[in-house]
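Structure below is model-v7.pdb: PDB, C-alpha atoms, pLDDT in the B column.
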ATOM      1  CA  MET A   1      19.234 -94.762-207.602  1.00 76.00           C
ATOM      2  CA  PRO A   2      18.027 -98.383-207.582  1.00 81.00           C
ATOM      3  CA  ALA A   3      17.349 -99.785-204.145  1.00 83.00           C
ATOM      4  CA  ASP A   4      20.053-102.433-204.441  1.00 90.00           C
ATOM      5  CA  TYR A   5      22.850 -99.883-204.848  1.00 95.00           C
ATOM      6  CA  ILE A   6      24.436 -98.092-201.928  1.00 96.00           C
ATOM      7  CA  PRO A   7      26.437 -94.861-201.943  1.00 96.00           C
ATOM      8  CA  ILE A   8      30.207 -94.822-201.538  1.00 97.00           C
ATOM      9  CA  CYS A   9      30.538 -91.047-201.441  1.00 94.00           C
ATOM     10  CA  GLY A  10      29.211 -88.134-203.498  1.00 89.00           C
ATOM     11  CA  GLY A  11      28.010 -89.435-206.890  1.00 92.00           C
ATOM     12  CA  TRP A  12      29.625 -92.876-206.478  1.00 96.00           C
ATOM     13  CA  TYR A  13      27.696 -96.097-205.870  1.00 97.00           C
ATOM     14  CA  ILE A  14      28.218 -99.825-205.619  1.00 97.00           C
ATOM     15  CA  SER A  15      25.944-102.812-206.009  1.00 96.00           C
ATOM     16  CA  LEU A  16      24.848-104.419-202.767  1.00 96.00           C
ATOM     17  CA  ASP A  17      24.313-107.657-204.680  1.00 94.00           C
ATOM     18  CA  ALA A  18      27.952-107.626-205.845  1.00 96.00           C
ATOM     19  CA  LEU A  19      29.171-107.029-202.294  1.00 97.00           C
ATOM     20  CA  GLU A  20      26.995-109.827-200.987  1.00 96.00           C
ATOM     21  CA  LYS A  21      28.349-112.254-203.599  1.00 95.00           C
ATOM     22  CA  ILE A  22      31.929-111.474-202.580  1.00 97.00           C
ATOM     23  CA  ARG A  23      30.973-111.704-198.914  1.00 97.00           C
ATOM     24  CA  GLU A  24      29.467-115.152-199.487  1.00 96.00           C
ATOM     25  CA  VAL A  25      32.046-116.674-201.850  1.00 95.00           C
ATOM     26  CA  GLY A  26      35.239-114.694-201.287  1.00 93.00           C
ATOM     27  CA  PRO A  27      38.093-114.227-201.582  1.00 96.00           C
ATOM     28  CA  GLN A  28      37.883-112.681-198.151  1.00 97.00           C
ATOM     29  CA  SER A  29      40.773-110.302-198.836  1.00 96.00           C
ATOM     30  CA  LYS A  30      38.798-108.821-201.755  1.00 97.00           C
ATOM     31  CA  PHE A  31      35.859-108.165-199.458  1.00 97.00           C
ATOM     32  CA  HIS A  32      38.071-106.363-196.945  1.00 97.00           C
ATOM     33  CA  ASP A  33      39.899-104.445-199.701  1.00 97.00           C
ATOM     34  CA  ALA A  34      36.563-102.775-200.524  1.00 98.00           C
ATOM     35  CA  ASN A  35      37.446-100.518-197.578  1.00 98.00           C
ATOM     36  CA  LEU A  36      40.035 -98.913-199.861  1.00 98.00           C
ATOM     37  CA  ILE A  37      37.586 -97.899-202.597  1.00 98.00           C
ATOM     38  CA  GLU A  38      36.286 -94.667-201.097  1.00 98.00           C
ATOM     39  CA  ALA A  39      39.718 -93.079-200.726  1.00 97.00           C
ATOM     40  CA  ILE A  40      40.640 -94.000-204.309  1.00 97.00           C
ATOM     41  CA  VAL A  41      37.486 -92.542-205.896  1.00 97.00           C
ATOM     42  CA  GLN A  42      37.886 -89.382-203.830  1.00 96.00           C
ATOM     43  CA  SER A  43      41.566 -88.859-204.574  1.00 96.00           C
ATOM     44  CA  PRO A  44      43.047 -91.115-207.232  1.00 96.00           C
ATOM     45  CA  LEU A  45      46.663 -90.888-208.363  1.00 97.00           C
ATOM     46  CA  LYS A  46      45.622 -91.566-211.957  1.00 97.00           C
ATOM     47  CA  LYS A  47      42.403 -91.797-213.927  1.00 96.00           C
ATOM     48  CA  PHE A  48      42.150 -93.881-217.077  1.00 95.00           C
ATOM     49  CA  LEU A  49      39.355 -93.863-219.613  1.00 91.00           C
ATOM     50  CA  ASP A  50      37.976 -96.821-221.524  1.00 87.00           C
ATOM     51  CA  LEU A  51      38.794-100.353-220.574  1.00 87.00           C
ATOM     52  CA  ASN A  52      39.541-101.534-224.128  1.00 82.00           C
ATOM     53  CA  ARG A  53      36.607-103.913-223.795  1.00 82.00           C
ATOM     54  CA  GLN A  54      33.541-104.153-225.956  1.00 79.00           C
ATOM     55  CA  GLY A  55      30.647-102.267-224.378  1.00 80.00           C
ATOM     56  CA  PHE A  56      32.761-100.355-221.871  1.00 83.00           C
ATOM     57  CA  LYS A  57      33.788 -97.305-223.805  1.00 76.00           C
ATOM     58  CA  GLY A  58      33.549 -94.438-221.363  1.00 77.00           C
ATOM     59  CA  ALA A  59      34.114 -96.658-218.359  1.00 92.00           C
ATOM     60  CA  MET A  60      36.809 -95.484-216.002  1.00 95.00           C
ATOM     61  CA  CYS A  61      39.621 -96.929-213.957  1.00 97.00           C
ATOM     62  CA  LEU A  62      40.998 -95.037-210.972  1.00 97.00           C
ATOM     63  CA  SER A  63      44.327 -96.018-209.471  1.00 98.00           C
ATOM     64  CA  GLY A  64      46.034 -95.359-206.186  1.00 97.00           C
ATOM     65  CA  ALA A  65      48.644 -96.685-203.809  1.00 97.00           C
ATOM     66  CA  PRO A  66      47.060 -97.221-200.401  1.00 97.00           C
ATOM     67  CA  PRO A  67      49.629 -97.643-197.618  1.00 94.00           C
ATOM     68  CA  HIS A  68      48.065-100.945-196.628  1.00 94.00           C
ATOM     69  CA  ARG A  69      45.916-103.764-197.925  1.00 94.00           C
ATOM     70  CA  PHE A  70      43.939-106.434-196.114  1.00 95.00           C
ATOM     71  CA  ASP A  71      44.447-110.119-195.537  1.00 93.00           C
ATOM     72  CA  ASN A  72      41.666-112.694-195.326  1.00 93.00           C
ATOM     73  CA  ASP A  73      41.089-111.929-191.644  1.00 93.00           C
ATOM     74  CA  GLY A  74      40.713-108.218-192.268  1.00 93.00           C
ATOM     75  CA  GLU A  75      44.092-107.398-190.766  1.00 94.00           C
ATOM     76  CA  GLN A  76      46.053-104.595-192.393  1.00 94.00           C
ATOM     77  CA  LEU A  77      49.242-105.432-194.262  1.00 92.00           C
ATOM     78  CA  ALA A  78      51.713-102.679-195.107  1.00 92.00           C
ATOM     79  CA  THR A  79      52.248-102.204-198.826  1.00 92.00           C
ATOM     80  CA  THR A  80      55.493-100.242-198.454  1.00 87.00           C
ATOM     81  CA  GLY A  81      58.099-101.564-200.848  1.00 86.00           C
ATOM     82  CA  SER A  82      55.638-103.594-202.896  1.00 91.00           C
ATOM     83  CA  ARG A  83      55.255-102.913-206.610  1.00 95.00           C
ATOM     84  CA  ARG A  84      51.505-102.824-206.480  1.00 97.00           C
ATOM     85  CA  VAL A  85      48.785-100.312-207.306  1.00 98.00           C
ATOM     86  CA  PHE A  86      45.116-100.561-206.381  1.00 98.00           C
ATOM     87  CA  LEU A  87      42.618-100.146-209.202  1.00 98.00           C
ATOM     88  CA  VAL A  88      38.929 -99.305-208.981  1.00 98.00           C
ATOM     89  CA  PHE A  89      36.767 -99.817-212.080  1.00 97.00           C
ATOM     90  CA  SER A  90      33.553 -97.891-212.694  1.00 97.00           C
ATOM     91  CA  THR A  91      30.866 -97.344-215.268  1.00 94.00           C
ATOM     92  CA  LEU A  92      28.446 -94.459-215.657  1.00 90.00           C
ATOM     93  CA  LYS A  93      24.752 -94.915-215.022  1.00 88.00           C
ATOM     94  CA  ASN A  94      22.099 -92.196-215.217  1.00 86.00           C
ATOM     95  CA  TYR A  95      22.227 -91.744-211.445  1.00 88.00           C
ATOM     96  CA  GLY A  96      26.016 -91.641-211.059  1.00 91.00           C
ATOM     97  CA  ASN A  97      29.243 -93.621-211.203  1.00 94.00           C
ATOM     98  CA  VAL A  98      28.974 -97.300-210.288  1.00 96.00           C
ATOM     99  CA  VAL A  99      32.035 -99.154-209.057  1.00 98.00           C
ATOM    100  CA  PHE A 100      31.921-102.716-210.339  1.00 97.00           C
ATOM    101  CA  ASP A 101      35.348-104.129-209.517  1.00 98.00           C
ATOM    102  CA  TRP A 102      38.590-103.502-207.641  1.00 98.00           C
ATOM    103  CA  GLU A 103      41.945-105.271-207.584  1.00 98.00           C
ATOM    104  CA  TRP A 104      45.666-105.018-206.948  1.00 98.00           C
ATOM    105  CA  ARG A 105      47.977-105.052-209.963  1.00 98.00           C
ATOM    106  CA  PRO A 106      51.734-104.785-210.537  1.00 97.00           C
ATOM    107  CA  GLY A 107      52.659-101.164-211.088  1.00 97.00           C
ATOM    108  CA  ASP A 108      54.454 -98.082-209.823  1.00 97.00           C
ATOM    109  CA  PRO A 109      53.003 -96.936-206.490  1.00 96.00           C
ATOM    110  CA  LYS A 110      54.715 -93.555-206.822  1.00 95.00           C
ATOM    111  CA  THR A 111      52.882 -92.626-210.008  1.00 95.00           C
ATOM    112  CA  GLY A 112      49.820 -94.885-209.905  1.00 96.00           C
ATOM    113  CA  TYR A 113      50.533 -96.384-213.320  1.00 97.00           C
ATOM    114  CA  PRO A 114      49.778-100.097-213.530  1.00 97.00           C
ATOM    115  CA  ASP A 115      52.090-102.108-215.753  1.00 96.00           C
ATOM    116  CA  SER A 116      51.040-102.178-219.424  1.00 94.00           C
ATOM    117  CA  TRP A 117      48.402 -99.484-218.812  1.00 95.00           C
ATOM    118  CA  GLU A 118      48.597 -98.372-222.446  1.00 93.00           C
ATOM    119  CA  GLN A 119      47.194-101.733-223.567  1.00 91.00           C
ATOM    120  CA  ALA A 120      44.613-101.901-220.775  1.00 92.00           C
ATOM    121  CA  PHE A 121      43.056 -98.456-221.158  1.00 92.00           C
ATOM    122  CA  GLY A 122      42.089 -96.005-223.870  1.00 88.00           C
ATOM    123  CA  GLY A 123      43.989 -93.158-222.250  1.00 89.00           C
ATOM    124  CA  GLU A 124      44.442 -90.968-219.213  1.00 90.00           C
ATOM    125  CA  THR A 125      42.077 -88.261-218.119  1.00 86.00           C
ATOM    126  CA  LYS A 126      42.192 -85.500-215.594  1.00 76.00           C
ATOM    127  CA  ASN A 127      38.463 -84.884-215.879  1.00 62.00           C
ATOM    128  CA  ASP A 128      36.067 -85.878-213.140  1.00 55.00           C
ATOM    129  CA  GLN A 129      33.379 -86.970-215.565  1.00 50.00           C
ATOM    130  CA  HIS A 130      33.126 -90.086-217.655  1.00 48.00           C
ATOM    131  CA  ILE A 131      33.099 -89.446-221.377  1.00 40.00           C
ATOM    132  CA  GLU A 132      30.002 -90.905-223.053  1.00 39.00           C
TER
ATOM    133  CA  MET B   4      19.167-100.660-193.469  1.00 61.00           C
ATOM    134  CA  THR B   5      22.721-100.125-194.774  1.00 62.00           C
ATOM    135  CA  SER B   6      23.215 -96.524-195.864  1.00 87.00           C
ATOM    136  CA  THR B   7      26.790 -96.438-197.217  1.00 95.00           C
ATOM    137  CA  LEU B   8      29.611 -98.740-198.304  1.00 97.00           C
ATOM    138  CA  SER B   9      31.556 -97.835-195.169  1.00 96.00           C
ATOM    139  CA  GLU B  10      28.635 -98.769-192.952  1.00 96.00           C
ATOM    140  CA  TYR B  11      28.053-102.015-194.833  1.00 96.00           C
ATOM    141  CA  LEU B  12      31.689-103.089-194.460  1.00 96.00           C
ATOM    142  CA  SER B  13      31.727-102.229-190.761  1.00 95.00           C
ATOM    143  CA  THR B  14      28.624-104.301-190.086  1.00 96.00           C
ATOM    144  CA  HIS B  15      29.221-107.329-192.315  1.00 96.00           C
ATOM    145  CA  LYS B  16      31.876-110.022-192.263  1.00 96.00           C
ATOM    146  CA  PRO B  17      32.919-112.474-194.976  1.00 96.00           C
ATOM    147  CA  ALA B  18      31.124-115.801-194.723  1.00 96.00           C
ATOM    148  CA  GLY B  19      34.122-117.759-195.969  1.00 94.00           C
ATOM    149  CA  PHE B  20      35.501-118.989-199.264  1.00 95.00           C
ATOM    150  CA  ARG B  21      34.016-121.243-201.933  1.00 92.00           C
ATOM    151  CA  SER B  22      35.632-122.131-205.221  1.00 90.00           C
ATOM    152  CA  GLU B  23      32.675-121.045-207.299  1.00 87.00           C
ATOM    153  CA  ALA B  24      32.207-118.974-210.443  1.00 87.00           C
ATOM    154  CA  THR B  25      30.475-115.670-209.688  1.00 89.00           C
ATOM    155  CA  TYR B  26      28.935-113.379-212.284  1.00 89.00           C
ATOM    156  CA  PHE B  27      28.816-109.593-211.802  1.00 92.00           C
ATOM    157  CA  VAL B  28      26.188-107.777-213.852  1.00 90.00           C
ATOM    158  CA  ASP B  29      27.567-104.227-213.784  1.00 92.00           C
ATOM    159  CA  GLY B  30      30.937-105.268-215.177  1.00 94.00           C
ATOM    160  CA  ASP B  31      29.614-108.194-217.258  1.00 92.00           C
ATOM    161  CA  PHE B  32      32.356-110.451-215.951  1.00 93.00           C
ATOM    162  CA  LEU B  33      32.760-113.558-213.892  1.00 90.00           C
ATOM    163  CA  THR B  34      35.458-114.522-211.455  1.00 93.00           C
ATOM    164  CA  TYR B  35      36.599-117.947-210.423  1.00 92.00           C
ATOM    165  CA  PHE B  36      39.141-118.641-207.699  1.00 94.00           C
ATOM    166  CA  LEU B  37      40.733-121.991-206.999  1.00 91.00           C
ATOM    167  CA  SER B  38      42.098-120.824-203.642  1.00 92.00           C
ATOM    168  CA  ASN B  39      41.710-118.071-201.074  1.00 94.00           C
ATOM    169  CA  ASP B  40      45.348-116.905-201.236  1.00 93.00           C
ATOM    170  CA  PRO B  41      46.031-113.158-201.260  1.00 93.00           C
ATOM    171  CA  TYR B  42      46.481-112.388-204.926  1.00 96.00           C
ATOM    172  CA  TYR B  43      47.227-109.817-207.596  1.00 97.00           C
ATOM    173  CA  ALA B  44      45.681-109.416-211.032  1.00 98.00           C
ATOM    174  CA  GLU B  45      47.420-109.520-214.405  1.00 96.00           C
ATOM    175  CA  ARG B  46      45.445-108.422-217.421  1.00 94.00           C
ATOM    176  CA  TYR B  47      46.033-110.807-220.294  1.00 92.00           C
ATOM    177  CA  ASP B  48      43.749-109.301-222.939  1.00 88.00           C
ATOM    178  CA  ASP B  49      40.318-107.689-223.333  1.00 88.00           C
ATOM    179  CA  MET B  50      38.580-110.906-222.260  1.00 90.00           C
ATOM    180  CA  LEU B  51      40.881-112.341-219.612  1.00 92.00           C
ATOM    181  CA  THR B  52      42.574-111.227-216.412  1.00 94.00           C
ATOM    182  CA  MET B  53      44.531-113.807-214.446  1.00 95.00           C
ATOM    183  CA  TYR B  54      44.771-113.919-210.676  1.00 96.00           C
ATOM    184  CA  LYS B  55      48.083-115.041-209.185  1.00 96.00           C
ATOM    185  CA  SER B  56      49.082-115.843-205.636  1.00 96.00           C
ATOM    186  CA  GLU B  57      51.079-113.109-203.898  1.00 94.00           C
ATOM    187  CA  THR B  58      52.944-115.875-202.074  1.00 92.00           C
ATOM    188  CA  THR B  59      53.815-118.306-204.857  1.00 94.00           C
ATOM    189  CA  GLY B  60      53.044-116.473-208.115  1.00 94.00           C
ATOM    190  CA  GLU B  61      50.927-119.428-209.193  1.00 93.00           C
ATOM    191  CA  LEU B  62      47.699-119.005-211.112  1.00 92.00           C
ATOM    192  CA  ILE B  63      44.842-119.240-208.618  1.00 93.00           C
ATOM    193  CA  GLY B  64      41.961-117.826-210.588  1.00 93.00           C
ATOM    194  CA  CYS B  65      40.730-115.701-213.434  1.00 93.00           C
ATOM    195  CA  LYS B  66      38.305-112.976-214.468  1.00 94.00           C
ATOM    196  CA  LEU B  67      36.512-113.552-217.753  1.00 92.00           C
ATOM    197  CA  LYS B  68      35.056-110.392-219.269  1.00 92.00           C
ATOM    198  CA  GLY B  69      32.335-109.884-221.873  1.00 91.00           C
ATOM    199  CA  VAL B  70      30.358-112.868-220.628  1.00 88.00           C
ATOM    200  CA  LYS B  71      27.106-111.938-222.384  1.00 86.00           C
ATOM    201  CA  LEU B  72      28.839-111.962-225.751  1.00 87.00           C
ATOM    202  CA  LEU B  73      30.555-115.252-224.952  1.00 87.00           C
ATOM    203  CA  VAL B  74      27.256-116.852-223.928  1.00 83.00           C
ATOM    204  CA  ASP B  75      25.769-115.747-227.255  1.00 82.00           C
ATOM    205  CA  LYS B  76      28.768-117.230-229.045  1.00 83.00           C
ATOM    206  CA  MET B  77      28.436-120.500-227.149  1.00 78.00           C
ATOM    207  CA  GLY B  78      25.278-121.238-229.070  1.00 70.00           C
ATOM    208  CA  GLU B  79      27.153-120.789-232.338  1.00 70.00           C
ATOM    209  CA  PHE B  80      29.655-123.408-231.219  1.00 66.00           C
ATOM    210  CA  SER B  81      26.920-125.814-230.128  1.00 64.00           C
ATOM    211  CA  PHE B  82      27.504-125.403-226.398  1.00 66.00           C
ATOM    212  CA  SER B  83      24.191-125.390-224.629  1.00 62.00           C
ATOM    213  CA  VAL B  84      22.922-123.568-221.584  1.00 63.00           C
ATOM    214  CA  THR B  85      20.996-125.911-219.334  1.00 65.00           C
ATOM    215  CA  ASP B  86      18.642-125.070-216.503  1.00 67.00           C
ATOM    216  CA  GLY B  87      19.490-121.384-216.953  1.00 62.00           C
ATOM    217  CA  LYS B  88      23.096-121.976-215.926  1.00 70.00           C
ATOM    218  CA  VAL B  89      26.370-121.675-217.789  1.00 72.00           C
ATOM    219  CA  LYS B  90      29.354-123.930-217.250  1.00 76.00           C
ATOM    220  CA  LEU B  91      32.781-122.356-216.957  1.00 79.00           C
ATOM    221  CA  GLY B  92      34.618-124.910-219.081  1.00 80.00           C
ATOM    222  CA  PRO B  93      32.628-124.394-222.309  1.00 81.00           C
ATOM    223  CA  LEU B  94      32.716-120.636-221.711  1.00 83.00           C
ATOM    224  CA  LEU B  95      36.513-120.699-221.636  1.00 85.00           C
ATOM    225  CA  VAL B  96      36.628-122.897-224.725  1.00 83.00           C
ATOM    226  CA  THR B  97      34.334-120.399-226.468  1.00 86.00           C
ATOM    227  CA  ALA B  98      36.678-117.598-225.403  1.00 86.00           C
ATOM    228  CA  ALA B  99      39.533-119.574-226.923  1.00 84.00           C
ATOM    229  CA  MET B 100      37.650-119.849-230.201  1.00 84.00           C
ATOM    230  CA  VAL B 101      36.911-116.129-230.456  1.00 83.00           C
ATOM    231  CA  SER B 102      40.297-114.946-229.226  1.00 82.00           C
ATOM    232  CA  ARG B 103      43.404-114.251-231.272  1.00 76.00           C
ATOM    233  CA  LYS B 104      45.196-117.356-232.522  1.00 70.00           C
ATOM    234  CA  ASP B 105      48.209-116.717-230.272  1.00 81.00           C
ATOM    235  CA  SER B 106      45.934-116.517-227.188  1.00 80.00           C
ATOM    236  CA  ARG B 107      44.047-119.762-227.682  1.00 82.00           C
ATOM    237  CA  GLU B 108      46.477-121.946-225.794  1.00 83.00           C
ATOM    238  CA  ILE B 109      46.093-119.997-222.537  1.00 86.00           C
ATOM    239  CA  TYR B 110      42.304-120.282-222.716  1.00 84.00           C
ATOM    240  CA  ARG B 111      42.526-124.006-223.394  1.00 80.00           C
ATOM    241  CA  LYS B 112      44.837-124.409-220.379  1.00 82.00           C
ATOM    242  CA  LEU B 113      42.427-122.473-218.184  1.00 84.00           C
ATOM    243  CA  ALA B 114      39.504-124.526-219.446  1.00 80.00           C
ATOM    244  CA  SER B 115      41.411-127.666-218.567  1.00 80.00           C
ATOM    245  CA  LYS B 116      42.415-126.351-215.118  1.00 78.00           C
ATOM    246  CA  MET B 117      39.053-124.874-214.183  1.00 76.00           C
ATOM    247  CA  SER B 118      36.370-126.962-215.798  1.00 68.00           C
ATOM    248  CA  GLY B 119      36.844-129.911-213.453  1.00 56.00           C
ATOM    249  CA  ALA B 120      34.978-128.181-210.650  1.00 51.00           C
ATOM    250  CA  GLU B 121      31.918-127.808-212.879  1.00 51.00           C
ATOM    251  CA  ALA B 122      31.504-124.226-211.827  1.00 53.00           C
ATOM    252  CA  THR B 123      28.161-122.872-212.850  1.00 58.00           C
ATOM    253  CA  PHE B 124      26.428-119.549-212.440  1.00 59.00           C
ATOM    254  CA  PRO B 125      23.093-118.113-213.481  1.00 62.00           C
ATOM    255  CA  HIS B 126      22.705-117.223-217.175  1.00 62.00           C
ATOM    256  CA  PRO B 127      23.856-113.574-217.406  1.00 59.00           C
ATOM    257  CA  GLN B 128      20.953-112.592-219.615  1.00 59.00           C
ATOM    258  CA  LEU B 129      18.620-113.775-216.885  1.00 54.00           C
ATOM    259  CA  ALA B 130      20.711-112.256-214.132  1.00 50.00           C
ATOM    260  CA  ALA B 131      20.756-108.787-215.712  1.00 45.00           C
TER
END
As a first step, turn the structure in this file into structure tokens.
Amino acid sequence: MPADYIPICGGWYISLDALEKIREVGPQSKFHDANLIEAIVQSPLKKFLDLNRQGFKGAMCLSGAPPHRFDNDGEQLATTGSRRVFLVFSTLKNYGNVVFDWEWRPGDPKTGYPDSWEQAFGGETKNDQHIE
Amino acid sequence: MTSTLSEYLSTHKPAGFRSEATYFVDGDFLTYFLSNDPYYAERYDDMLTMYKSETTGELIGCKLKGVKLLVDKMGEFSFSVTDGKVKLGPLLVTAAMVSRKDSREIYRKLASKMSGAEATFPHPQLAA
């Protein structure tokens, strides 16, 4: 594992440089929402393969519906009743899965499906591994 | 030394907010926010995701994907990279040129809305 990547949990990593950029520039809520990543990669509601982007075949998106999100001050905000799902995007390196982005999108928090997921992703998967 | 994401987040605080284009190597994308409002993302197509305010629904930023390819294309359209940095406006115009015909208007609008700040970021080929 390169020195500038830190572990999230077993087999999952994130760039320290990426975190530092978000810490410096913001938005602050995105920085705080990184606290939600570990739970999503450990137990996602849905897993989607391929991001329908050139060069990212085999990349993965994991979705979930955390009970809260964060505001700019790091305070928790309840997500109950909101039509939002939390997505974590990853790619596969030779040392493991690397999370490179995370965001809230409109979707069904009961199922984990973001709106228009069929256009955004190549398909669903129940496998734990990326497909190369 | 930080050992995990959890430890990093518990020991670091955001420095603030700057309206500045930021390039992320692992995802080959850049983000640009006009404001610090809590937001949600809406995927537009394979190159563009828009960020909208949770409070007002207004467009407050965007994520432009496939930046390396767009930078290569910029040269074809006679946009230059100077001092190892790429300007957001020409990048969005390039995206408009390579996108589907029915998508070009949204890219032109973004270029108009977001080029005024002269956001620049290091050339992705150099940053990789």
Write down, as a PyMOL selection string, each residue of chain B that has any atom within 9 Å of an atom of chain A, counting only C-alpha atoms. chain B and resi 5-9+11-12+15-30+36+38-46+48-50+68-69
What residues come out when you apply the PyMOL selection byres ((chain A and resi 67) around 10) to this file, written as number ranges by chain? A: 36, 64-66, 68-69, 76-82, 109
Interatomic distance (Å, one decimal) between atom CA of Arg83 of chain A and atom CA of Lys46 of chain A: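 Atom-to-atom, atom CA of Arg83 of chain A to atom CA of Lys46 of chain A, that is 15.8 Å.
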Find the smallest box with edges along x, y and z containing every listed atom of segment 65-72 of chain A, then add 5 Å on each side and report centre and edge lengths in Å to one decimal, as lines of an AutoDock Vina configuration file.
center_x = 45.6
center_y = -104.7
center_z = -199.6
size_x = 18.0
size_y = 26.0
size_z = 18.5
Applying the PyMOL selection byres ((chain A and resi 124) around 9) to the file I just gave you, which residues come out? Please list them as a compact mmCIF listing (two decimals) with C-alpha atoms, in the frame of the given file.
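The result, stored in out_35.txt:
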# COMPACT_ATOMS: atom_id res chain seq x y z
CA LYS A 46 45.62 -91.57 -211.96
CA LYS A 47 42.40 -91.80 -213.93
CA PHE A 48 42.15 -93.88 -217.08
CA LEU A 49 39.35 -93.86 -219.61
CA PHE A 121 43.06 -98.46 -221.16
CA GLY A 122 42.09 -96.00 -223.87
CA GLY A 123 43.99 -93.16 -222.25
CA THR A 125 42.08 -88.26 -218.12
CA LYS A 126 42.19 -85.50 -215.59
One decimal, Å: what's the distance from atom CA of Leu67 of chain B over to atom CA of Gly58 of chain A, could you say? 19.7 Å
Check what the PyMOL selection byres ((chain B and resi 54) around 6) selects in the file above and give those residues as a ChimeraX atom specification. /B:43-44,53,55,62-65
For the residues in the current selection, export C-alpha atoms as a PDB file, keeping the file's coordinate frame.
ATOM      1  CA  TYR B  43      47.227-109.817-207.596  1.00 97.00           C
ATOM      2  CA  ALA B  44      45.681-109.416-211.032  1.00 98.00           C
ATOM      3  CA  MET B  53      44.531-113.807-214.446  1.00 95.00           C
ATOM      4  CA  LYS B  55      48.083-115.041-209.185  1.00 96.00           C
ATOM      5  CA  LEU B  62      47.699-119.005-211.112  1.00 92.00           C
ATOM      6  CA  ILE B  63      44.842-119.240-208.618  1.00 93.00           C
ATOM      7  CA  GLY B  64      41.961-117.826-210.588  1.00 93.00           C
ATOM      8  CA  CYS B  65      40.730-115.701-213.434  1.00 93.00           C
TER       9      CYS B  65
END
So the first atom is atom CA of Leu95 of chain B and the second is atom CA of Leu37 of chain B; what is the distance between them in Å, to one decimal place?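 Spanning atom CA of Leu95 of chain B to atom CA of Leu37 of chain B is a straight-line distance of 15.3 Å.
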Nearest to Thr34 of chain B, restricted to all atoms listed in the file and choosing among B:Glu57, B:Met117, B:Gly78, B:Lys112, comes out as B:Met117
